[in-house]
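Data block below; observations after.
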Amino acid sequence: MEKVVVIGSGCAGWTAALYSARANLKPLVLTGKQPGGLLTTTTIVENYPGFPEGVDGYELMTRFQKQAERFGARVKFGEVEAAALSQRPFLLTVDGEAVQAETIIIASGASHRHLGLESEHLLENKGVTYCATCDGALPLFRQQPLVVVGGGDSACEEALYLTRFGSIVYLVHRRDTLRASKIMAERALAHPKIKPVWDSVVTEVLDVKQGKVTGVRLKNVKTAAEAMLSCAGVFVAIGHLPNTQIFRGVVEMDETGYIIPTRGTATNVPGVFVAGDCADHVYRQAVTAAGLGCAAAIDAERYLAARNE
(Lines give C-alpha, C1' and ligand atoms only; values in the text may rest on other atoms or scores of the structure.)
Protein backbone atom coordinates (compact mmCIF):
# COMPACT_ATOMS: atom_id res chain seq x y z
CA MET A 1 0.00 0.00 0.00
CA GLU A 2 1.22 3.48 -0.86
CA LYS A 3 1.48 6.23 1.75
CA VAL A 4 1.03 8.99 -0.85
CA VAL A 5 -0.25 8.72 -4.39
CA VAL A 6 -0.02 11.83 -6.56
CA ILE A 7 -2.44 11.92 -9.47
CA GLY A 8 -0.92 14.09 -12.18
CA SER A 9 2.59 14.93 -13.31
CA GLY A 10 2.56 18.67 -13.99
CA CYS A 11 4.10 21.39 -11.83
CA ALA A 12 1.76 20.69 -8.93
CA GLY A 13 2.15 16.93 -9.12
CA TRP A 14 5.93 16.80 -9.30
CA THR A 15 6.35 19.44 -6.59
CA ALA A 16 4.03 17.45 -4.33
CA ALA A 17 6.09 14.37 -5.14
CA LEU A 18 9.35 16.18 -4.37
CA TYR A 19 8.20 17.34 -0.95
CA SER A 20 6.62 13.98 -0.13
CA ALA A 21 9.78 12.16 -1.17
CA ARG A 22 11.97 14.40 0.96
CA ALA A 23 9.66 13.56 3.87
CA ASN A 24 10.54 9.89 3.22
CA LEU A 25 6.99 9.01 2.15
CA LYS A 26 8.11 7.39 -1.14
CA PRO A 27 5.24 8.83 -3.21
CA LEU A 28 3.91 7.16 -6.33
CA VAL A 29 3.18 9.57 -9.19
CA LEU A 30 0.51 8.57 -11.70
CA THR A 31 1.32 10.51 -14.85
CA GLY A 32 -2.13 10.70 -16.45
CA LYS A 33 -2.65 10.78 -20.20
CA GLN A 34 -0.29 13.73 -20.67
CA PRO A 35 2.94 13.15 -18.73
CA GLY A 36 4.36 16.48 -17.66
CA GLY A 37 1.03 18.28 -18.00
CA LEU A 38 0.14 21.22 -20.20
CA LEU A 39 3.52 22.86 -19.75
CA THR A 40 5.10 20.25 -22.00
CA THR A 41 3.15 21.77 -24.90
CA THR A 42 4.82 25.17 -24.38
CA THR A 43 7.99 25.69 -26.35
CA ILE A 44 9.55 28.24 -24.03
CA VAL A 45 8.68 29.31 -20.49
CA GLU A 46 10.01 32.73 -19.59
CA ASN A 47 8.14 33.44 -16.36
CA TYR A 48 9.25 30.55 -14.14
CA PRO A 49 11.71 31.83 -11.51
CA GLY A 50 15.31 30.74 -11.83
CA PHE A 51 15.54 30.63 -15.63
CA PRO A 52 16.57 34.11 -16.79
CA GLU A 53 16.97 32.96 -20.39
CA GLY A 54 13.74 30.99 -20.38
CA VAL A 55 13.41 27.21 -20.52
CA ASP A 56 11.67 24.73 -22.80
CA GLY A 57 8.46 23.50 -21.15
CA TYR A 58 9.29 19.84 -21.71
CA GLU A 59 12.79 20.31 -20.31
CA LEU A 60 11.44 22.07 -17.23
CA MET A 61 9.06 19.22 -16.45
CA THR A 62 11.83 16.67 -17.03
CA ARG A 63 13.92 18.51 -14.45
CA PHE A 64 10.98 18.48 -12.02
CA GLN A 65 10.69 14.71 -12.46
CA LYS A 66 14.42 14.00 -12.06
CA GLN A 67 14.57 16.09 -8.90
CA ALA A 68 11.61 14.27 -7.33
CA GLU A 69 12.98 10.87 -8.37
CA ARG A 70 16.36 11.71 -6.84
CA PHE A 71 14.70 11.70 -3.42
CA GLY A 72 12.71 8.53 -3.95
CA ALA A 73 9.55 9.44 -5.87
CA ARG A 74 8.39 6.71 -8.24
CA VAL A 75 6.45 7.08 -11.45
CA LYS A 76 3.75 4.92 -12.99
CA PHE A 77 2.69 5.80 -16.52
CA GLY A 78 -1.06 5.48 -16.83
CA GLU A 79 -4.42 7.10 -16.32
CA VAL A 80 -6.72 6.73 -13.33
CA GLU A 81 -9.92 5.11 -14.56
CA ALA A 82 -11.78 4.89 -11.24
CA ALA A 83 -11.36 6.11 -7.67
CA ALA A 84 -13.04 4.50 -4.65
CA LEU A 85 -12.65 7.12 -1.94
CA SER A 86 -15.35 6.00 0.48
CA GLN A 87 -13.18 3.18 1.81
CA ARG A 88 -9.87 3.00 3.67
CA PRO A 89 -7.37 2.54 2.22
CA PHE A 90 -8.37 4.36 -0.96
CA LEU A 91 -8.52 2.25 -4.08
CA LEU A 92 -7.53 3.56 -7.50
CA THR A 93 -7.79 1.70 -10.77
CA VAL A 94 -4.94 2.64 -13.09
CA ASP A 95 -5.14 1.14 -16.56
CA GLY A 96 -6.86 -1.90 -15.09
CA GLU A 97 -4.49 -2.29 -12.14
CA ALA A 98 -5.42 -1.66 -8.49
CA VAL A 99 -3.43 0.85 -6.43
CA GLN A 100 -4.12 1.32 -2.71
CA ALA A 101 -3.25 4.54 -0.92
CA GLU A 102 -3.40 6.06 2.55
CA THR A 103 -3.50 9.57 1.11
CA ILE A 104 -4.09 10.99 -2.34
CA ILE A 105 -3.01 14.31 -3.82
CA ILE A 106 -5.14 15.23 -6.82
CA ALA A 107 -3.03 17.28 -9.20
CA SER A 108 -4.75 16.27 -12.41
CA GLY A 109 -4.74 19.77 -13.89
CA ALA A 110 -7.07 21.23 -16.46
CA SER A 111 -7.28 21.12 -20.23
CA HIS A 112 -7.68 24.11 -22.53
CA ARG A 113 -10.93 24.31 -24.44
CA HIS A 114 -10.09 24.21 -28.12
CA LEU A 115 -11.85 25.61 -31.15
CA GLY A 116 -11.84 22.15 -32.67
CA LEU A 117 -10.18 23.16 -35.94
CA GLU A 118 -7.60 21.02 -37.69
CA SER A 119 -5.60 24.13 -38.58
CA GLU A 120 -5.65 25.17 -34.93
CA HIS A 121 -4.10 21.85 -33.94
CA LEU A 122 -1.50 21.93 -36.70
CA LEU A 123 -0.37 25.45 -35.80
CA GLU A 124 -0.24 24.98 -32.03
CA ASN A 125 3.05 26.42 -30.74
CA LYS A 126 3.52 28.00 -34.17
CA GLY A 127 1.41 31.05 -33.38
CA VAL A 128 -1.62 29.37 -31.81
CA THR A 129 -1.47 29.44 -28.04
CA TYR A 130 -3.76 29.24 -25.02
CA CYS A 131 -1.93 31.42 -22.52
CA ALA A 132 -1.04 35.07 -23.10
CA THR A 133 0.84 35.28 -19.80
CA CYS A 134 2.97 32.32 -20.86
CA ASP A 135 3.62 33.25 -24.48
CA GLY A 136 2.59 36.85 -25.14
CA ALA A 137 6.07 38.31 -24.69
CA LEU A 138 7.67 36.00 -27.26
CA PRO A 139 9.48 37.83 -30.09
CA LEU A 140 7.17 36.52 -32.83
CA PHE A 141 4.23 38.41 -31.29
CA ARG A 142 5.93 41.75 -30.61
CA GLN A 143 4.55 44.70 -32.56
CA GLN A 144 2.33 42.36 -34.56
CA PRO A 145 -1.48 42.20 -34.93
CA LEU A 146 -2.87 39.53 -32.61
CA VAL A 147 -6.23 37.77 -32.26
CA VAL A 148 -7.88 36.72 -29.01
CA VAL A 149 -10.88 34.40 -29.31
CA GLY A 150 -13.44 34.58 -26.50
CA GLY A 151 -15.75 36.92 -24.67
CA GLY A 152 -15.36 36.20 -20.96
CA ASP A 153 -13.13 37.59 -18.25
CA SER A 154 -10.24 35.39 -19.35
CA ALA A 155 -10.43 36.67 -22.93
CA CYS A 156 -10.50 40.28 -21.74
CA GLU A 157 -7.54 39.68 -19.44
CA GLU A 158 -5.61 38.04 -22.26
CA ALA A 159 -6.40 40.90 -24.64
CA LEU A 160 -5.38 43.56 -22.12
CA TYR A 161 -2.15 41.74 -21.36
CA LEU A 162 -1.32 41.44 -25.06
CA THR A 163 -1.66 45.20 -25.61
CA ARG A 164 1.81 45.44 -24.05
CA PHE A 165 3.30 43.54 -26.95
CA GLY A 166 1.04 43.51 -30.02
CA SER A 167 0.44 46.42 -32.38
CA ILE A 168 -3.31 45.77 -32.23
CA VAL A 169 -5.41 43.08 -30.53
CA TYR A 170 -8.57 41.85 -32.23
CA LEU A 171 -11.07 40.42 -29.75
CA VAL A 172 -13.20 37.94 -31.69
CA HIS A 173 -16.49 37.00 -30.05
CA ARG A 174 -19.49 35.09 -31.37
CA ARG A 175 -21.97 37.51 -29.77
CA ASP A 176 -22.48 41.27 -29.95
CA THR A 177 -21.70 41.83 -26.28
CA LEU A 178 -19.02 40.40 -24.01
CA ARG A 179 -19.85 37.82 -21.35
CA ALA A 180 -17.16 39.25 -19.09
CA SER A 181 -17.89 41.12 -15.90
CA LYS A 182 -18.86 44.74 -16.48
CA ILE A 183 -15.60 46.19 -15.19
CA MET A 184 -13.47 43.83 -17.30
CA ALA A 185 -15.55 44.43 -20.42
CA GLU A 186 -15.39 48.19 -20.01
CA ARG A 187 -11.66 48.11 -19.43
CA ALA A 188 -11.03 45.99 -22.51
CA LEU A 189 -13.31 47.95 -24.85
CA ALA A 190 -11.89 51.27 -23.68
CA HIS A 191 -8.33 50.31 -24.57
CA PRO A 192 -7.20 51.97 -27.80
CA LYS A 193 -5.30 48.86 -28.94
CA ILE A 194 -8.24 46.46 -28.57
CA LYS A 195 -10.66 46.19 -31.46
CA PRO A 196 -13.74 43.96 -30.99
CA VAL A 197 -14.91 41.76 -33.85
CA TRP A 198 -18.54 40.99 -33.03
CA ASP A 199 -20.82 38.12 -34.06
CA SER A 200 -17.90 36.20 -35.51
CA VAL A 201 -16.24 32.80 -35.20
CA VAL A 202 -12.88 31.57 -36.44
CA THR A 203 -13.37 28.90 -39.11
CA GLU A 204 -9.71 28.46 -40.07
CA VAL A 205 -6.29 29.51 -38.80
CA LEU A 206 -3.90 30.47 -41.60
CA ASP A 207 -1.44 29.35 -42.84
CA VAL A 208 -0.69 25.66 -42.34
CA LYS A 209 1.36 25.52 -45.54
CA GLN A 210 3.72 28.19 -44.24
CA GLY A 211 3.95 26.49 -40.86
CA LYS A 212 3.08 29.65 -38.97
CA VAL A 213 0.08 31.86 -38.19
CA THR A 214 -0.50 34.55 -40.79
CA GLY A 215 -4.19 35.24 -40.15
CA VAL A 216 -7.63 33.79 -39.51
CA ARG A 217 -10.70 33.17 -41.61
CA LEU A 218 -13.85 34.51 -39.93
CA LYS A 219 -17.54 33.86 -40.40
CA ASN A 220 -20.26 36.21 -39.23
CA VAL A 221 -22.82 34.09 -37.38
CA LYS A 222 -25.68 36.43 -38.31
CA THR A 223 -24.98 37.15 -41.97
CA ALA A 224 -22.77 34.14 -42.85
CA ALA A 225 -20.36 36.61 -44.49
CA GLU A 226 -16.72 35.52 -44.49
CA ALA A 227 -13.68 37.68 -43.96
CA MET A 228 -9.92 37.38 -43.54
CA LEU A 229 -7.97 38.97 -40.75
CA SER A 230 -4.18 39.16 -40.80
CA CYS A 231 -2.37 38.40 -37.56
CA ALA A 232 0.78 36.77 -36.20
CA GLY A 233 -0.82 35.00 -33.27
CA VAL A 234 -4.11 33.46 -32.17
CA PHE A 235 -4.78 33.28 -28.44
CA VAL A 236 -7.69 30.96 -27.68
CA ALA A 237 -9.37 32.01 -24.42
CA ILE A 238 -12.65 30.12 -24.30
CA GLY A 239 -12.11 28.47 -20.94
CA HIS A 240 -10.67 25.37 -19.33
CA LEU A 241 -11.96 21.94 -18.42
CA PRO A 242 -10.62 20.63 -15.09
CA ASN A 243 -9.62 16.97 -15.30
CA THR A 244 -11.74 15.91 -12.36
CA GLN A 245 -14.58 13.89 -13.89
CA ILE A 246 -13.79 10.64 -12.04
CA PHE A 247 -14.13 12.40 -8.66
CA ARG A 248 -17.60 13.83 -9.31
CA GLY A 249 -20.15 13.06 -6.64
CA VAL A 250 -17.49 12.31 -4.01
CA VAL A 251 -15.03 15.19 -3.90
CA GLU A 252 -16.72 18.57 -3.55
CA MET A 253 -16.38 20.76 -6.63
CA ASP A 254 -18.11 23.72 -8.24
CA GLU A 255 -20.52 23.52 -11.15
CA THR A 256 -17.70 23.66 -13.70
CA GLY A 257 -15.71 20.84 -12.09
CA TYR A 258 -13.03 22.72 -10.15
CA ILE A 259 -12.35 21.01 -6.81
CA ILE A 260 -13.09 23.17 -3.77
CA PRO A 261 -10.58 22.85 -0.91
CA THR A 262 -12.05 23.01 2.59
CA ARG A 263 -8.97 24.04 4.57
CA GLY A 264 -5.57 24.57 3.03
CA THR A 265 -5.38 21.94 0.32
CA ALA A 266 -7.63 19.42 2.07
CA THR A 267 -10.83 18.35 0.34
CA ASN A 268 -14.09 17.26 1.94
CA VAL A 269 -12.73 13.68 1.90
CA PRO A 270 -10.24 13.20 4.77
CA GLY A 271 -6.89 12.11 3.37
CA VAL A 272 -7.53 13.52 -0.09
CA PHE A 273 -5.76 16.76 -1.01
CA VAL A 274 -5.76 18.91 -4.13
CA ALA A 275 -3.23 21.13 -5.88
CA GLY A 276 -2.82 23.01 -9.13
CA ASP A 277 -5.10 23.86 -12.01
CA CYS A 278 -7.81 21.35 -11.13
CA ALA A 279 -8.60 23.61 -8.17
CA ASP A 280 -7.36 26.97 -9.48
CA HIS A 281 -9.47 28.77 -12.06
CA VAL A 282 -7.98 32.19 -11.28
CA TYR A 283 -4.19 32.13 -11.74
CA ARG A 284 -3.37 28.91 -13.63
CA GLN A 285 0.39 29.55 -13.63
CA ALA A 286 3.26 27.09 -13.33
CA VAL A 287 4.66 28.80 -10.25
CA THR A 288 1.31 28.92 -8.40
CA ALA A 289 0.69 25.26 -9.24
CA ALA A 290 4.10 24.35 -7.85
CA GLY A 291 3.37 26.29 -4.67
CA LEU A 292 0.09 24.45 -4.18
CA GLY A 293 1.86 21.15 -4.79
CA CYS A 294 4.24 21.98 -1.98
CA ALA A 295 1.34 22.86 0.32
CA ALA A 296 -0.56 19.66 -0.50
CA ALA A 297 2.47 17.50 0.28
CA ILE A 298 2.96 19.22 3.64
CA ASP A 299 -0.74 18.80 4.45
CA ALA A 300 -0.62 15.10 3.51
CA GLU A 301 2.49 14.56 5.61
CA ARG A 302 0.85 16.17 8.63
CA TYR A 303 -2.32 14.14 8.08
CA LEU A 304 -0.33 10.89 8.08
CA ALA A 305 1.64 11.93 11.16
CA ALA A 306 -1.58 12.69 13.06
CA ARG A 307 -3.08 9.31 12.08
CA ASN A 308 0.02 7.45 13.22
CA GLU A 309 -0.01 9.22 16.56
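Following the order of the C-alpha coordinates, first chain is A, next is B, and so on, with residues numbered from 1 inside each chain and ligands from 1 in the order they appear.
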Which residues of segment 13-127 of chain A come within 6 Å of segment 233-241 of chain A, and for each one, what is the closest pair of atoms and their distance in Å to one decimal, counting only C-alpha atoms, sorted by chain and residue number, as JSON lines?
{"residue": "A:Ala110", "atom": "CA", "partner": "A:Leu241", "partner_atom": "CA", "distance": 5.3}
{"residue": "A:Ser111", "atom": "CA", "partner": "A:Leu241", "partner_atom": "CA", "distance": 5.1}
{"residue": "A:His112", "atom": "CA", "partner": "A:His240", "partner_atom": "CA", "distance": 4.6}
{"residue": "A:Arg113", "atom": "CA", "partner": "A:His240", "partner_atom": "CA", "distance": 5.2}
{"residue": "A:Gly127", "atom": "CA", "partner": "A:Gly233", "partner_atom": "CA", "distance": 4.5}
Within 12 Å of segment 188-207 of chain A: each segment 84-119 of chain A residue with its shortest pair, only C-alpha atoms, as a Markdown table:
| residue | atom | partner | partner_atom | distance |
| --- | --- | --- | --- | --- |
| A:His114 | CA | A:Val202 | CA | 11.5 |
| A:Leu115 | CA | A:Val202 | CA | 8.0 |
| A:Gly116 | CA | A:Thr203 | CA | 9.5 |
| A:Leu117 | CA | A:Glu204 | CA | 6.7 |
| A:Glu118 | CA | A:Glu204 | CA | 8.1 |
| A:Ser119 | CA | A:Val205 | CA | 5.4 |
Can I get the selected residues back with all heavy atoms, as a PDB file, in the first residue's frame?
ATOM      1  N   HIS A 114     -10.600  23.922 -26.789  1.00  0.00           N
ATOM      2  CA  HIS A 114     -10.086  24.211 -28.121  1.00  0.00           C
ATOM      3  C   HIS A 114     -11.218  24.614 -29.058  1.00  0.00           C
ATOM      4  O   HIS A 114     -12.396  24.326 -28.802  1.00  0.00           O
ATOM      5  CB  HIS A 114      -9.362  22.985 -28.687  1.00  0.00           C
ATOM      6  CG  HIS A 114      -8.059  22.696 -28.009  1.00  0.00           C
ATOM      7  ND1 HIS A 114      -6.988  22.135 -28.648  1.00  0.00           N
ATOM      8  CD2 HIS A 114      -7.647  22.910 -26.731  1.00  0.00           C
ATOM      9  CE1 HIS A 114      -5.972  22.005 -27.815  1.00  0.00           C
ATOM     10  NE2 HIS A 114      -6.354  22.462 -26.636  1.00  0.00           N
ATOM     11  N   LEU A 115     -10.861  25.248 -30.144  1.00  0.00           N
ATOM     12  CA  LEU A 115     -11.851  25.615 -31.148  1.00  0.00           C
ATOM     13  C   LEU A 115     -12.317  24.391 -31.933  1.00  0.00           C
ATOM     14  O   LEU A 115     -13.402  24.387 -32.514  1.00  0.00           O
ATOM     15  CB  LEU A 115     -11.263  26.642 -32.124  1.00  0.00           C
ATOM     16  CG  LEU A 115     -10.800  27.970 -31.516  1.00  0.00           C
ATOM     17  CD1 LEU A 115     -10.099  28.803 -32.568  1.00  0.00           C
ATOM     18  CD2 LEU A 115     -11.985  28.722 -30.925  1.00  0.00           C
ATOM     19  N   GLY A 116     -11.478  23.371 -31.959  1.00  0.00           N
ATOM     20  CA  GLY A 116     -11.836  22.155 -32.668  1.00  0.00           C
ATOM     21  C   GLY A 116     -11.496  22.184 -34.149  1.00  0.00           C
ATOM     22  O   GLY A 116     -12.056  21.402 -34.923  1.00  0.00           O
ATOM     23  N   LEU A 117     -10.575  23.051 -34.538  1.00  0.00           N
ATOM     24  CA  LEU A 117     -10.183  23.164 -35.939  1.00  0.00           C
ATOM     25  C   LEU A 117      -8.890  22.391 -36.195  1.00  0.00           C
ATOM     26  O   LEU A 117      -7.974  22.417 -35.366  1.00  0.00           O
ATOM     27  CB  LEU A 117      -9.966  24.631 -36.318  1.00  0.00           C
ATOM     28  CG  LEU A 117     -11.137  25.584 -36.081  1.00  0.00           C
ATOM     29  CD1 LEU A 117     -10.685  27.019 -36.347  1.00  0.00           C
ATOM     30  CD2 LEU A 117     -12.320  25.215 -36.966  1.00  0.00           C
ATOM     31  N   GLU A 118      -8.822  21.739 -37.337  1.00  0.00           N
ATOM     32  CA  GLU A 118      -7.601  21.018 -37.689  1.00  0.00           C
ATOM     33  C   GLU A 118      -6.427  21.981 -37.820  1.00  0.00           C
ATOM     34  O   GLU A 118      -5.309  21.698 -37.363  1.00  0.00           O
ATOM     35  CB  GLU A 118      -7.787  20.254 -39.002  1.00  0.00           C
ATOM     36  CG  GLU A 118      -6.563  19.429 -39.385  1.00  0.00           C
ATOM     37  CD  GLU A 118      -6.737  18.698 -40.706  1.00  0.00           C
ATOM     38  OE1 GLU A 118      -7.745  18.950 -41.390  1.00  0.00           O
ATOM     39  OE2 GLU A 118      -5.855  17.889 -41.051  1.00  0.00           O
ATOM     40  N   SER A 119      -6.675  23.138 -38.415  1.00  0.00           N
ATOM     41  CA  SER A 119      -5.604  24.132 -38.582  1.00  0.00           C
ATOM     42  C   SER A 119      -5.114  24.654 -37.236  1.00  0.00           C
ATOM     43  O   SER A 119      -3.925  24.953 -37.065  1.00  0.00           O
ATOM     44  CB  SER A 119      -6.089  25.291 -39.454  1.00  0.00           C
ATOM     45  OG  SER A 119      -7.278  25.866 -38.928  1.00  0.00           O
TER      46      SER A 119
END
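Put simply, atom CA of Leu162 of chain A is 10.7 Å away from atom CA of Leu138 of chain A.
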Please, which residues in segment 203-250 of chain A fall within 9 Å of segment 70-92 of chain A when counting only C-alpha atoms, and what is the closest atom pair and distance in Å to one decimal for each, ordered by chain then residue number, as CSV?
residue,atom,partner,partner_atom,distance
A:Ile246,CA,A:Ala82,CA,6.1
A:Phe247,CA,A:Ala83,CA,6.9
A:Val250,CA,A:Leu85,CA,7.4
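Residue nearest Ile259 of chain A, chosen from A:Ala98, A:Ser230, A:Ser108, A:Phe141 and counting only C-alpha atoms: A:Ser108.
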Step one, run DSSP on the backbone; step two, keep only residues of segment 55-242 of chain A assigned to alpha helix (DSSP H); then write them as an MDAnalysis selection string. chainID A and resid 57:70 118:122 132:135 153:162 182:190
Please compute the atom CA of Ala266 of chain A-atom CA of Asp254 of chain A distance, one decimal, in Å.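 Between these atoms lies a distance of 15.3 Å.
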Which polymer residues have any atom within 10 Å of an atom of Leu292 of chain A, counting only C-alpha atoms, with same-chain residues fewer than 5 positions away left out, as a PyMOL selection string? chain A and resi 11-13+15-16+107+264-265+274-277+279-280+287+297-298
Selection above as a file: N, CA, C and O atoms, as a CSV table (one decimal), in the first residue's frame:
chain,number,residue,atom,x,y,z
A,11,CYS,N,3.4,20.6,-12.9
A,11,CYS,CA,4.1,21.4,-11.8
A,11,CYS,C,3.6,21.1,-10.4
A,11,CYS,O,4.4,20.9,-9.5
A,12,ALA,N,2.3,21.0,-10.2
A,12,ALA,CA,1.8,20.7,-8.9
A,12,ALA,C,2.1,19.3,-8.5
A,12,ALA,O,2.5,19.0,-7.4
A,13,GLY,N,1.9,18.3,-9.4
A,13,GLY,CA,2.1,16.9,-9.1
A,13,GLY,C,3.6,16.6,-8.8
A,13,GLY,O,3.9,16.0,-7.7
A,15,THR,N,5.9,18.7,-7.8
A,15,THR,CA,6.4,19.4,-6.6
A,15,THR,C,5.8,18.7,-5.4
A,15,THR,O,6.5,18.6,-4.4
A,16,ALA,N,4.6,18.2,-5.4
A,16,ALA,CA,4.0,17.4,-4.3
A,16,ALA,C,4.9,16.2,-4.1
A,16,ALA,O,5.1,15.8,-3.0
A,107,ALA,N,-3.7,16.2,-8.5
A,107,ALA,CA,-3.0,17.3,-9.2
A,107,ALA,C,-3.2,17.0,-10.7
A,107,ALA,O,-2.3,17.1,-11.5
A,264,GLY,N,-6.9,24.8,3.7
A,264,GLY,CA,-5.6,24.6,3.0
A,264,GLY,C,-5.8,23.9,1.7
A,264,GLY,O,-6.6,24.3,0.9
A,265,THR,N,-5.2,22.7,1.5
A,265,THR,CA,-5.4,21.9,0.3
A,265,THR,C,-6.3,20.7,0.6
A,265,THR,O,-6.4,19.9,-0.4
A,274,VAL,N,-5.7,18.5,-2.7
A,274,VAL,CA,-5.8,18.9,-4.1
A,274,VAL,C,-4.8,20.0,-4.4
A,274,VAL,O,-4.5,20.8,-3.4
A,275,ALA,N,-4.2,20.1,-5.6
A,275,ALA,CA,-3.2,21.1,-5.9
A,275,ALA,C,-3.3,21.4,-7.4
A,275,ALA,O,-3.5,20.5,-8.2
A,276,GLY,N,-3.0,22.7,-7.7
A,276,GLY,CA,-2.8,23.0,-9.1
A,276,GLY,C,-4.1,23.4,-9.8
A,276,GLY,O,-5.1,23.8,-9.2
A,277,ASP,N,-4.0,23.3,-11.2
A,277,ASP,CA,-5.1,23.9,-12.0
A,277,ASP,C,-6.4,23.2,-11.9
A,277,ASP,O,-7.5,23.7,-12.3
A,279,ALA,N,-7.9,22.9,-9.2
A,279,ALA,CA,-8.6,23.6,-8.2
A,279,ALA,C,-8.5,25.1,-8.3
A,279,ALA,O,-9.1,25.9,-7.6
A,280,ASP,N,-7.7,25.5,-9.3
A,280,ASP,CA,-7.4,27.0,-9.5
A,280,ASP,C,-7.9,27.5,-10.8
A,280,ASP,O,-7.3,27.2,-11.9
A,287,VAL,N,4.1,28.5,-11.6
A,287,VAL,CA,4.7,28.8,-10.2
A,287,VAL,C,3.6,28.7,-9.1
A,287,VAL,O,3.9,28.2,-8.0
A,297,ALA,N,1.6,18.5,-0.3
A,297,ALA,CA,2.5,17.5,0.3
A,297,ALA,C,2.7,17.7,1.8
A,297,ALA,O,2.7,16.7,2.6
A,298,ILE,N,2.8,18.9,2.2
A,298,ILE,CA,3.0,19.2,3.6
A,298,ILE,C,1.7,18.8,4.4
A,298,ILE,O,1.7,18.2,5.5
Counting only C-alpha atoms, what is within 8 Å of Gln144 of chain A, bar same-chain residues fewer than 5 positions away, as a PyMOL selection string? chain A and resi 165-168+231-232
Would you mind exporting all heavy atoms of the selected residues as a short mmCIF file (atom, residue, chain, number, x, y, z; two decimals), in the first residue's frame?
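The file below, result.cif, is the result:
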data_model
loop_
_atom_site.label_atom_id
_atom_site.label_comp_id
_atom_site.auth_asym_id
_atom_site.auth_seq_id
_atom_site.Cartn_x
_atom_site.Cartn_y
_atom_site.Cartn_z
N PHE A 165 2.37 44.09 -25.98
CA PHE A 165 3.30 43.54 -26.95
C PHE A 165 2.82 43.70 -28.40
O PHE A 165 3.61 44.02 -29.27
CB PHE A 165 3.53 42.06 -26.65
CG PHE A 165 3.85 41.78 -25.21
CD1 PHE A 165 2.92 41.19 -24.37
CD2 PHE A 165 5.09 42.14 -24.68
CE1 PHE A 165 3.21 40.96 -23.04
CE2 PHE A 165 5.39 41.91 -23.35
CZ PHE A 165 4.45 41.32 -22.52
N GLY A 166 1.54 43.46 -28.66
CA GLY A 166 1.04 43.51 -30.02
C GLY A 166 0.78 44.93 -30.50
O GLY A 166 0.62 45.86 -29.71
N SER A 167 0.74 45.09 -31.81
CA SER A 167 0.44 46.42 -32.38
C SER A 167 -1.05 46.72 -32.28
O SER A 167 -1.46 47.87 -32.10
CB SER A 167 0.89 46.46 -33.84
OG SER A 167 0.24 45.44 -34.59
N ILE A 168 -1.87 45.67 -32.41
CA ILE A 168 -3.31 45.77 -32.23
C ILE A 168 -3.82 44.39 -31.82
O ILE A 168 -3.23 43.37 -32.20
CB ILE A 168 -4.03 46.24 -33.53
CG1 ILE A 168 -5.52 46.47 -33.26
CG2 ILE A 168 -3.81 45.24 -34.67
CD1 ILE A 168 -6.24 47.16 -34.41
N CYS A 231 -2.91 38.35 -38.92
CA CYS A 231 -2.37 38.40 -37.56
C CYS A 231 -1.18 37.46 -37.47
O CYS A 231 -0.98 36.59 -38.32
CB CYS A 231 -3.44 38.02 -36.53
SG CYS A 231 -3.98 36.30 -36.64
N ALA A 232 -0.39 37.63 -36.41
CA ALA A 232 0.78 36.77 -36.20
C ALA A 232 0.54 35.76 -35.09
O ALA A 232 1.36 34.85 -34.90
CB ALA A 232 1.99 37.63 -35.85
#
Counting only C-alpha atoms, the residue of A:Arg179, A:Arg307, A:Arg142, A:Arg174 that sits nearest Cys156 of chain A: A:Arg179
Could you pull out all residues of segment 93-222 of chain A with a DSSP call of strand (DSSP E) and give them as a ChimeraX atom specification? /A:93-94,97-106,110-112,128-129,145-149,168-172,194-197,200-206,215-220
Calculated over only C-alpha atoms, which of the candidates A:Gly37, A:Glu102, A:Tyr130, A:Glu97 has the smallest distance to Val4 of chain A? A:Glu102
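Among the candidates A:Val208, A:Ile105, A:Leu140, A:Arg217, the residue lying nearest to Ala295 of chain A is A:Ile105 (atoms considered: only C-alpha atoms).
For the pair atom CA of Ser181 of chain A and atom CA of Ala137 of chain A, the separation is 25.7 Å.
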